[in-house]
2 protein chains.
Amino acid sequence: MADHSSIDDAVMAGRAASSAAYSPLYQQIKALLLQSLDQGEWKPGEAIPSEFELAARFNVSQGTVRKAIDELAADHLLIRRQGKGTFVATHNEAKVRFRFLRLTPDDGKVKPSSSRIIDCRRIKAPVDIARLLDLRPSDTVVNVRRVLSFEQTPTILDDIWLPAVVFKGLTAESLTRYRGPLYALFESEYGVSMVRAEEKIKAVAASDDQAGLLNIVSGSPVLQVERVSFTYGDRPMELRRGLYLTDRFHYRNTLS
Amino acid sequence: MADHSSIDDAVMAGRAASSAAYSPLYQQIKALLLQSLDQGEWKPGEAIPSEFELAARFNVSQGTVRKAIDELAADHLLIRRQGKGTFVATHNEAKVRFRFLRLTPDDGKVKPSSSRIIDCRRIKAPVDIARLLDLRPSDTVVNVRRVLSFEQTPTILDDIWLPAVVFKGLTAESLTRYRGPLYALFESEYGVSMVRAEEKIKAVAASDDQAGLLNIVSGSPVLQVERVSFTYGDRPMELRRGLYLTDRFHYRNTLS
DNA sequence: GAGTGGTCTAGACCACACG
DNA sequence: GTGTGGTCTAGACCACTCC
């Protein structure tokens, strides 16, 4: 065997009598791949080894590796490209930028966007934030406040909380200098890949200060979006409370 | 061959020189299964033939049928149950009722719901409705208006449009008599299976009459949800404009 | 025990990208 | 041409359900 983990033991376990908790081989392979992704063995945008190489490494057939990769691709952690290879998903790509932003112009036309950082400070985590981010209340969080505009029209007011331990060098200055989706920045600068997110949406009336920042009249109905984003292994890494202006935009969703 | 369609020609086409539009065998099988579903060969809740039977019918290997079924199961058109068979998805089942309703109580507790039909009438399709339902403006639509309450609290005001040709016997009386999700009724009474839906969401201020029906003060911020539901073959079959009260509920969504 | 879906394998061949 | 993912097959065996 080479220097990477063998799954022989796991195979035995999986194939042992039906008494033990049964887990199919390809699920075990999937877990190993996930682990390699989490540990950064392959970086976002890079290609992972070919199916045959992985099959050899794990001592399973190519079809079994294939099925593991299939699931990771279905979850958008990996991207398959016929003839080229299988790549680690990234937010640093024109095609999938703003992958998590569901706000769409009513007329469908793509609009140029710009971000204005209002604030970036470190604070002790408020209890509700700490709970959602799986932190202790004594932990420090980075709190970023910003306004996103489309065609010079303020449209989104975001309040963002991040574990300070992970996002060490993050400052208002570095944020202001950066152009592009935050998740792309998190990926390349802090090694944090956001993989999944959950949102809770309400309609609320804008408060005075919120209305001021969005340049609307106080009390206007706005969309309130609370998002928790997760990295590999379903670890929460960002809490975002956004206010969306929906007079010329809408939040789109597909049910199935 | 039996009396059902053979795919031999399709196979030849698919396997012919790379000049023609190439379509994998399992995709062709998928299309055939979809057709059978659409034509009602197997009804919602029923089991479809086993993988081996289907493989024999279509003259392909079991693995190829399997892959076709896999995709239909991933789209929630079919449901696999190990040891029992593969079943046509249905809204008539405790487990998946309100499958398309994303509104959730903030406290997570399930609440008893009741529906009050306000109105059910047939009208000439307004142009915007006709366009979304892929109808001609001269076509007739059924317009249903109802209020959904949770624990006696009015929470959702729905305005629903349906092609009148399809929903022939639908009246306020039959709707009032019925308990349960509308999609379950559509399925069992009108043979219409809703398979997918697209929603556009905005935050708006409730108008006077809307506020009256929801028992809130006029101008309150509410969630406006426009939903187009599709049946097999991506044919639009319902337009629904809903107003959701989100003071004690929220719209939940998962991004990935 | 019989039938169904689920896993795993091994091998052949096809479509696609790149040099 | 070579290497990658994608398809298709055939067969063995496993897990689950029901009788």
# chains A, B, ... in the order shown; residues from 1 in each chain; ligands from 1
>>> interface_residues(of="chain D", to="chain A", cutoff="10 Å", atoms="only C-alpha atoms (C1' of nucleotides)", output="short mmCIF file (atom, residue, chain, number, x, y, z; two decimals) with N, CA and C atoms (P, O5', C5', C4', C3', O3' and C1' of nucleotides), in the first residue's frame")
data_model
loop_
_atom_site.label_atom_id
_atom_site.label_comp_id
_atom_site.auth_asym_id
_atom_site.auth_seq_id
_atom_site.Cartn_x
_atom_site.Cartn_y
_atom_site.Cartn_z
P DG D 3 -1.99 7.63 -22.00
"O5'" DG D 3 -3.08 8.46 -21.19
"C5'" DG D 3 -2.89 9.85 -20.96
"C4'" DG D 3 -4.20 10.48 -20.60
"C3'" DG D 3 -4.99 9.67 -19.56
"O3'" DG D 3 -5.42 10.55 -18.53
"C1'" DG D 3 -6.35 10.20 -21.40
P DT D 4 -6.05 9.97 -17.17
"O5'" DT D 4 -7.52 10.56 -17.13
"C5'" DT D 4 -7.73 11.97 -17.10
"C4'" DT D 4 -9.10 12.26 -17.61
"C3'" DT D 4 -10.20 11.46 -16.94
"O3'" DT D 4 -10.68 12.11 -15.81
"C1'" DT D 4 -10.53 11.63 -19.31
P DG D 5 -11.70 11.31 -14.84
"O5'" DG D 5 -13.11 11.48 -15.56
"C5'" DG D 5 -13.71 12.77 -15.63
"C4'" DG D 5 -14.83 12.73 -16.66
"C3'" DG D 5 -16.12 12.07 -16.18
"O3'" DG D 5 -17.21 12.75 -16.76
"C1'" DG D 5 -15.34 10.96 -18.08
P DG D 6 -18.70 12.22 -16.51
"O5'" DG D 6 -18.95 11.30 -17.79
"C5'" DG D 6 -19.47 11.88 -18.97
"C4'" DG D 6 -20.21 10.82 -19.77
"C3'" DG D 6 -21.30 10.09 -18.99
"O3'" DG D 6 -22.46 10.00 -19.81
"C1'" DG D 6 -19.81 8.53 -19.89
P DC D 14 -23.42 -12.52 -0.24
"O5'" DC D 14 -24.06 -11.10 0.13
"C5'" DC D 14 -23.29 -9.91 -0.04
"C4'" DC D 14 -24.17 -8.71 0.27
"C3'" DC D 14 -25.06 -8.90 1.50
"O3'" DC D 14 -25.02 -7.73 2.28
"C1'" DC D 14 -26.37 -8.31 -0.39
P DA D 15 -25.75 -7.65 3.66
"O5'" DA D 15 -27.06 -6.84 3.27
"C5'" DA D 15 -27.00 -5.44 3.11
"C4'" DA D 15 -28.40 -4.90 2.95
"C3'" DA D 15 -29.32 -5.18 4.15
"O3'" DA D 15 -30.03 -3.99 4.41
"C1'" DA D 15 -30.29 -6.02 2.15
#
>>> residues_around(residues="stretch 203-211 of chain A", least_positions_apart="4", cutoff="7 Å", atoms="only C-alpha atoms (C1' of nucleotides)", output="list of chain:residue names")
A:Asn215, A:Ile216, A:Val217, A:Ser218, A:Gly219, A:Ser220, A:Pro221, A:Val222, A:Leu223, A:Gln224, B:Ala203, B:Pro221, B:Val222, B:Leu223, B:Thr246
>>> residues_around(residues="B:Pro154", least_positions_apart="3", cutoff="8 Å", atoms="only C-alpha atoms (C1' of nucleotides)", output="PyMOL selection string")
chain B and resi 147-150+157+213-215
>>> write_last_selection(atoms="all heavy atoms", output="PDB file, in the first residue's frame")
ATOM      1  N   VAL B 147     -58.433  31.216   1.894  1.00  0.00           N
ATOM      2  CA  VAL B 147     -57.567  31.602   3.004  1.00  0.00           C
ATOM      3  C   VAL B 147     -57.195  30.348   3.778  1.00  0.00           C
ATOM      4  O   VAL B 147     -58.057  29.549   4.137  1.00  0.00           O
ATOM      5  CB  VAL B 147     -58.263  32.594   3.953  1.00  0.00           C
ATOM      6  CG1 VAL B 147     -57.407  32.823   5.196  1.00  0.00           C
ATOM      7  CG2 VAL B 147     -58.538  33.910   3.248  1.00  0.00           C
ATOM      8  N   LEU B 148     -55.900  30.177   3.989  1.00  0.00           N
ATOM      9  CA  LEU B 148     -55.417  29.067   4.800  1.00  0.00           C
ATOM     10  C   LEU B 148     -55.117  29.577   6.194  1.00  0.00           C
ATOM     11  O   LEU B 148     -54.435  30.588   6.358  1.00  0.00           O
ATOM     12  CB  LEU B 148     -54.137  28.485   4.196  1.00  0.00           C
ATOM     13  CG  LEU B 148     -54.235  27.164   3.440  1.00  0.00           C
ATOM     14  CD1 LEU B 148     -52.878  26.775   2.881  1.00  0.00           C
ATOM     15  CD2 LEU B 148     -54.735  26.073   4.371  1.00  0.00           C
ATOM     16  N   SER B 149     -55.625  28.878   7.198  1.00  0.00           N
ATOM     17  CA  SER B 149     -55.368  29.279   8.586  1.00  0.00           C
ATOM     18  C   SER B 149     -54.623  28.184   9.319  1.00  0.00           C
ATOM     19  O   SER B 149     -54.829  26.998   9.063  1.00  0.00           O
ATOM     20  CB  SER B 149     -56.695  29.559   9.302  1.00  0.00           C
ATOM     21  OG  SER B 149     -57.360  30.639   8.687  1.00  0.00           O
ATOM     22  N   PHE B 150     -53.772  28.618  10.228  1.00  0.00           N
ATOM     23  CA  PHE B 150     -53.112  27.671  11.116  1.00  0.00           C
ATOM     24  C   PHE B 150     -53.532  28.010  12.538  1.00  0.00           C
ATOM     25  O   PHE B 150     -53.363  29.150  12.970  1.00  0.00           O
ATOM     26  CB  PHE B 150     -51.593  27.766  10.970  1.00  0.00           C
ATOM     27  CG  PHE B 150     -51.105  27.301   9.629  1.00  0.00           C
ATOM     28  CD1 PHE B 150     -50.894  28.215   8.597  1.00  0.00           C
ATOM     29  CD2 PHE B 150     -50.870  25.956   9.369  1.00  0.00           C
ATOM     30  CE1 PHE B 150     -50.460  27.796   7.354  1.00  0.00           C
ATOM     31  CE2 PHE B 150     -50.437  25.542   8.133  1.00  0.00           C
ATOM     32  CZ  PHE B 150     -50.228  26.447   7.120  1.00  0.00           C
ATOM     33  N   LEU B 157     -53.191  33.860   2.010  1.00  0.00           N
ATOM     34  CA  LEU B 157     -54.282  34.201   1.098  1.00  0.00           C
ATOM     35  C   LEU B 157     -53.855  33.810  -0.306  1.00  0.00           C
ATOM     36  O   LEU B 157     -52.890  34.363  -0.839  1.00  0.00           O
ATOM     37  CB  LEU B 157     -54.580  35.710   1.170  1.00  0.00           C
ATOM     38  CG  LEU B 157     -55.520  36.278   0.118  1.00  0.00           C
ATOM     39  CD1 LEU B 157     -56.892  35.619   0.193  1.00  0.00           C
ATOM     40  CD2 LEU B 157     -55.645  37.786   0.277  1.00  0.00           C
ATOM     41  N   LEU B 213     -58.990  40.199   4.645  1.00  0.00           N
ATOM     42  CA  LEU B 213     -59.119  38.748   4.623  1.00  0.00           C
ATOM     43  C   LEU B 213     -58.104  38.065   5.540  1.00  0.00           C
ATOM     44  O   LEU B 213     -58.374  36.986   6.072  1.00  0.00           O
ATOM     45  CB  LEU B 213     -58.942  38.246   3.181  1.00  0.00           C
ATOM     46  CG  LEU B 213     -60.094  38.603   2.232  1.00  0.00           C
ATOM     47  CD1 LEU B 213     -59.678  38.454   0.777  1.00  0.00           C
ATOM     48  CD2 LEU B 213     -61.305  37.735   2.539  1.00  0.00           C
ATOM     49  N   LEU B 214     -56.960  38.698   5.715  1.00  0.00           N
ATOM     50  CA  LEU B 214     -55.932  38.091   6.565  1.00  0.00           C
ATOM     51  C   LEU B 214     -56.013  38.599   7.999  1.00  0.00           C
ATOM     52  O   LEU B 214     -55.231  38.184   8.863  1.00  0.00           O
ATOM     53  CB  LEU B 214     -54.539  38.381   5.990  1.00  0.00           C
ATOM     54  CG  LEU B 214     -54.156  37.545   4.768  1.00  0.00           C
ATOM     55  CD1 LEU B 214     -52.860  38.042   4.151  1.00  0.00           C
ATOM     56  CD2 LEU B 214     -54.004  36.074   5.164  1.00  0.00           C
ATOM     57  N   ASN B 215     -56.936  39.509   8.202  1.00  0.00           N
ATOM     58  CA  ASN B 215     -57.143  40.015   9.561  1.00  0.00           C
ATOM     59  C   ASN B 215     -55.913  40.731  10.109  1.00  0.00           C
ATOM     60  O   ASN B 215     -55.505  40.523  11.257  1.00  0.00           O
ATOM     61  CB  ASN B 215     -57.540  38.847  10.492  1.00  0.00           C
ATOM     62  CG  ASN B 215     -58.293  39.317  11.704  1.00  0.00           C
ATOM     63  OD1 ASN B 215     -58.770  40.466  11.741  1.00  0.00           O
ATOM     64  ND2 ASN B 215     -58.397  38.458  12.702  1.00  0.00           N
TER      65      ASN B 215
END
>>> closest_atom_pairs(of="chain A", to="chain B", cutoff="8 Å", atoms="only C-alpha atoms", output="Markdown table")
| residue | atom | partner | partner_atom | distance |
| --- | --- | --- | --- | --- |
| A:Asp75 | CA | B:Ser256 | CA | 6.8 |
| A:His76 | CA | B:Ser256 | CA | 6.9 |
| A:Phe100 | CA | B:Leu255 | CA | 6.3 |
| A:Val195 | CA | B:Ser256 | CA | 6.5 |
| A:Arg196 | CA | B:Ser256 | CA | 4.6 |
| A:Ala197 | CA | B:Leu255 | CA | 5.0 |
| A:Glu198 | CA | B:Thr254 | CA | 4.5 |
| A:Glu199 | CA | B:Asn253 | CA | 5.1 |
| A:Lys200 | CA | B:Arg252 | CA | 4.6 |
| A:Ile201 | CA | B:Tyr251 | CA | 4.9 |
| A:Lys202 | CA | B:Thr246 | CA | 5.4 |
| A:Ala203 | CA | B:Val222 | CA | 5.2 |
| A:Val204 | CA | B:Pro221 | CA | 5.4 |
| A:Ala205 | CA | B:Pro221 | CA | 6.0 |
| A:Ser220 | CA | B:Pro221 | CA | 7.7 |
| A:Pro221 | CA | B:Pro221 | CA | 4.9 |
| A:Val222 | CA | B:Ala203 | CA | 5.2 |
| A:Leu223 | CA | B:Ala203 | CA | 5.3 |
| A:Leu245 | CA | B:Ala203 | CA | 8.0 |
| A:Thr246 | CA | B:Lys202 | CA | 5.4 |
| A:Asp247 | CA | B:Lys202 | CA | 7.6 |
| A:Phe249 | CA | B:Lys202 | CA | 7.7 |
| A:His250 | CA | B:Ile201 | CA | 5.4 |
| A:Tyr251 | CA | B:Ile201 | CA | 4.8 |
| A:Arg252 | CA | B:Lys200 | CA | 4.6 |
| A:Asn253 | CA | B:Glu199 | CA | 5.1 |
| A:Thr254 | CA | B:Glu198 | CA | 4.5 |
| A:Leu255 | CA | B:Ala197 | CA | 5.0 |
| A:Ser256 | CA | B:Arg196 | CA | 4.7 |
>>> interface_residues(of="chain C", to="chain A", cutoff="8 Å", atoms="only C-alpha atoms (C1' of nucleotides)", output="list in words")
DT7, DC8, DT9, DC16 and DA17 of chain C
>>> write_last_selection(atoms="N, CA and C atoms (P, O5', C5', C4', C3', O3' and C1' of nucleotides)", output="mmCIF file, in the first residue's frame")
data_model
loop_
_atom_site.group_PDB
_atom_site.id
_atom_site.type_symbol
_atom_site.label_atom_id
_atom_site.label_comp_id
_atom_site.auth_asym_id
_atom_site.auth_seq_id
_atom_site.Cartn_x
_atom_site.Cartn_y
_atom_site.Cartn_z
ATOM 1 P P DT C 7 -26.883 1.412 -2.904
ATOM 2 O "O5'" DT C 7 -25.866 0.203 -3.124
ATOM 3 C "C5'" DT C 7 -25.500 -0.573 -2.002
ATOM 4 C "C4'" DT C 7 -24.493 -1.600 -2.417
ATOM 5 C "C3'" DT C 7 -23.185 -1.041 -2.999
ATOM 6 O "O3'" DT C 7 -22.139 -1.593 -2.218
ATOM 7 C "C1'" DT C 7 -24.013 -2.791 -4.345
ATOM 8 P P DC C 8 -20.694 -0.938 -2.291
ATOM 9 O "O5'" DC C 8 -19.962 -1.800 -3.396
ATOM 10 C "C5'" DC C 8 -19.651 -3.161 -3.115
ATOM 11 C "C4'" DC C 8 -19.209 -3.839 -4.395
ATOM 12 C "C3'" DC C 8 -18.192 -3.057 -5.233
ATOM 13 O "O3'" DC C 8 -16.893 -3.598 -4.990
ATOM 14 C "C1'" DC C 8 -19.826 -4.240 -6.547
ATOM 15 P P DT C 9 -15.641 -3.107 -5.832
ATOM 16 O "O5'" DT C 9 -15.724 -4.091 -7.076
ATOM 17 C "C5'" DT C 9 -15.917 -5.475 -6.830
ATOM 18 C "C4'" DT C 9 -15.975 -6.211 -8.148
ATOM 19 C "C3'" DT C 9 -14.935 -5.732 -9.159
ATOM 20 O "O3'" DT C 9 -14.056 -6.799 -9.461
ATOM 21 C "C1'" DT C 9 -17.104 -5.908 -10.149
ATOM 22 P P DC C 16 -19.799 14.328 -27.873
ATOM 23 O "O5'" DC C 16 -18.500 14.810 -27.105
ATOM 24 C "C5'" DC C 16 -18.512 14.894 -25.688
ATOM 25 C "C4'" DC C 16 -17.122 15.244 -25.226
ATOM 26 C "C3'" DC C 16 -16.490 16.430 -25.971
ATOM 27 O "O3'" DC C 16 -16.214 17.421 -25.012
ATOM 28 C "C1'" DC C 16 -14.969 14.630 -25.747
ATOM 29 P P DA C 17 -15.689 18.840 -25.416
ATOM 30 O "O5'" DA C 17 -14.142 18.757 -25.056
ATOM 31 C "C5'" DA C 17 -13.764 18.716 -23.698
ATOM 32 C "C4'" DA C 17 -12.264 18.585 -23.609
ATOM 33 C "C3'" DA C 17 -11.480 19.700 -24.300
ATOM 34 O "O3'" DA C 17 -10.551 20.187 -23.353
ATOM 35 C "C1'" DA C 17 -10.705 17.575 -25.013
#
>>> closest_residue(among="D:DG1, D:DC18, D:DT7, D:DC13", to="C:DA2", atoms="only C-alpha atoms (C1' of nucleotides)")
D:DC18
>>> atom_distance(atom1="atom CA of B:Phe58", atom2="atom CA of B:Trp42")
16.6 Å
>>> atom_distance(atom1="atom CA of A:Lys111", atom2="atom CA of B:Pro236")
28.7 Å
>>> atom_distance(atom1="atom CA of A:Asp38", atom2="atom CA of A:Leu170")
21.5 Å
>>> select_by_dssp(residues="stretch 88-140 of chain A", states="strand (DSSP E or B)", output="PyMOL selection string")
chain A and resi 88+103-105+113-124+140
>>> write_last_selection(atoms="N, CA and C atoms", output="PDB file, in the first residue's frame")
ATOM      1  N   VAL A  88     -12.723  20.368  -8.339  1.00  0.00           N
ATOM      2  CA  VAL A  88     -13.301  20.846  -7.088  1.00  0.00           C
ATOM      3  C   VAL A  88     -14.089  22.124  -7.375  1.00  0.00           C
ATOM      4  N   LEU A 103     -31.612  36.620  -5.672  1.00  0.00           N
ATOM      5  CA  LEU A 103     -32.314  37.828  -6.077  1.00  0.00           C
ATOM      6  C   LEU A 103     -32.066  38.097  -7.556  1.00  0.00           C
ATOM      7  N   THR A 104     -33.120  38.290  -8.315  1.00  0.00           N
ATOM      8  CA  THR A 104     -33.035  38.402  -9.768  1.00  0.00           C
ATOM      9  C   THR A 104     -33.813  39.629 -10.226  1.00  0.00           C
ATOM     10  N   PRO A 105     -33.279  40.362 -11.196  1.00  0.00           N
ATOM     11  CA  PRO A 105     -34.039  41.514 -11.723  1.00  0.00           C
ATOM     12  C   PRO A 105     -35.331  41.023 -12.368  1.00  0.00           C
ATOM     13  N   SER A 113     -22.970  45.287 -10.611  1.00  0.00           N
ATOM     14  CA  SER A 113     -23.148  45.438  -9.169  1.00  0.00           C
ATOM     15  C   SER A 113     -21.903  46.045  -8.538  1.00  0.00           C
ATOM     16  N   SER A 114     -22.104  46.687  -7.414  1.00  0.00           N
ATOM     17  CA  SER A 114     -20.968  47.204  -6.664  1.00  0.00           C
ATOM     18  C   SER A 114     -21.280  47.114  -5.184  1.00  0.00           C
ATOM     19  N   SER A 115     -20.239  47.001  -4.387  1.00  0.00           N
ATOM     20  CA  SER A 115     -20.419  46.802  -2.947  1.00  0.00           C
ATOM     21  C   SER A 115     -19.788  47.950  -2.171  1.00  0.00           C
ATOM     22  N   ARG A 116     -20.480  48.413  -1.156  1.00  0.00           N
ATOM     23  CA  ARG A 116     -19.918  49.448  -0.287  1.00  0.00           C
ATOM     24  C   ARG A 116     -19.846  48.908   1.129  1.00  0.00           C
ATOM     25  N   ILE A 117     -18.637  48.832   1.653  1.00  0.00           N
ATOM     26  CA  ILE A 117     -18.453  48.335   3.024  1.00  0.00           C
ATOM     27  C   ILE A 117     -18.747  49.465   4.001  1.00  0.00           C
ATOM     28  N   ILE A 118     -19.688  49.229   4.883  1.00  0.00           N
ATOM     29  CA  ILE A 118     -20.046  50.250   5.863  1.00  0.00           C
ATOM     30  C   ILE A 118     -19.231  50.091   7.131  1.00  0.00           C
ATOM     31  N   ASP A 119     -18.976  48.830   7.470  1.00  0.00           N
ATOM     32  CA  ASP A 119     -18.353  48.591   8.758  1.00  0.00           C
ATOM     33  C   ASP A 119     -17.744  47.194   8.775  1.00  0.00           C
ATOM     34  N   CYS A 120     -16.664  47.032   9.523  1.00  0.00           N
ATOM     35  CA  CYS A 120     -16.084  45.709   9.740  1.00  0.00           C
ATOM     36  C   CYS A 120     -15.416  45.719  11.098  1.00  0.00           C
ATOM     37  N   ARG A 121     -16.016  45.058  12.063  1.00  0.00           N
ATOM     38  CA  ARG A 121     -15.442  45.115  13.405  1.00  0.00           C
ATOM     39  C   ARG A 121     -15.513  43.763  14.097  1.00  0.00           C
ATOM     40  N   ARG A 122     -14.659  43.618  15.116  1.00  0.00           N
ATOM     41  CA  ARG A 122     -14.646  42.381  15.887  1.00  0.00           C
ATOM     42  C   ARG A 122     -15.372  42.585  17.203  1.00  0.00           C
ATOM     43  N   ILE A 123     -16.287  41.672  17.509  1.00  0.00           N
ATOM     44  CA  ILE A 123     -17.066  41.786  18.743  1.00  0.00           C
ATOM     45  C   ILE A 123     -17.228  40.414  19.387  1.00  0.00           C
ATOM     46  N   LYS A 124     -17.614  40.441  20.626  1.00  0.00           N
ATOM     47  CA  LYS A 124     -17.963  39.187  21.293  1.00  0.00           C
ATOM     48  C   LYS A 124     -19.285  38.695  20.705  1.00  0.00           C
ATOM     49  N   THR A 140     -14.998  35.359  19.629  1.00  0.00           N
ATOM     50  CA  THR A 140     -15.093  36.613  18.882  1.00  0.00           C
ATOM     51  C   THR A 140     -15.579  36.351  17.464  1.00  0.00           C
TER      52      THR A 140
END
>>> select_by_dssp(residues="stretch 50-91 of chain B", states="alpha helix (DSSP H)", output="CSV table (one decimal) with C-alpha atoms, in the first residue's frame")
chain,number,residue,atom,x,y,z
B,51,GLU,CA,-36.4,-3.2,-13.2
B,52,PHE,CA,-36.0,-6.6,-14.8
B,53,GLU,CA,-39.5,-6.5,-16.4
B,54,LEU,CA,-38.8,-3.1,-17.8
B,55,ALA,CA,-35.4,-4.2,-19.0
B,56,ALA,CA,-37.1,-7.0,-20.9
B,57,ARG,CA,-39.8,-4.7,-22.3
B,58,PHE,CA,-37.2,-2.3,-23.6
B,62,GLN,CA,-31.2,-3.9,-16.0
B,63,GLY,CA,-28.4,-1.4,-15.3
B,64,THR,CA,-29.6,0.8,-18.0
B,65,VAL,CA,-33.2,0.9,-16.8
B,66,ARG,CA,-31.8,1.4,-13.4
B,67,LYS,CA,-30.0,4.6,-14.4
B,68,ALA,CA,-33.2,5.9,-16.0
B,69,ILE,CA,-35.2,5.3,-12.9
B,70,ASP,CA,-32.4,6.8,-10.8
B,71,GLU,CA,-32.9,10.1,-12.6
B,72,LEU,CA,-36.7,10.1,-12.3
B,73,ALA,CA,-36.3,9.3,-8.6
B,74,ALA,CA,-33.8,12.2,-8.2
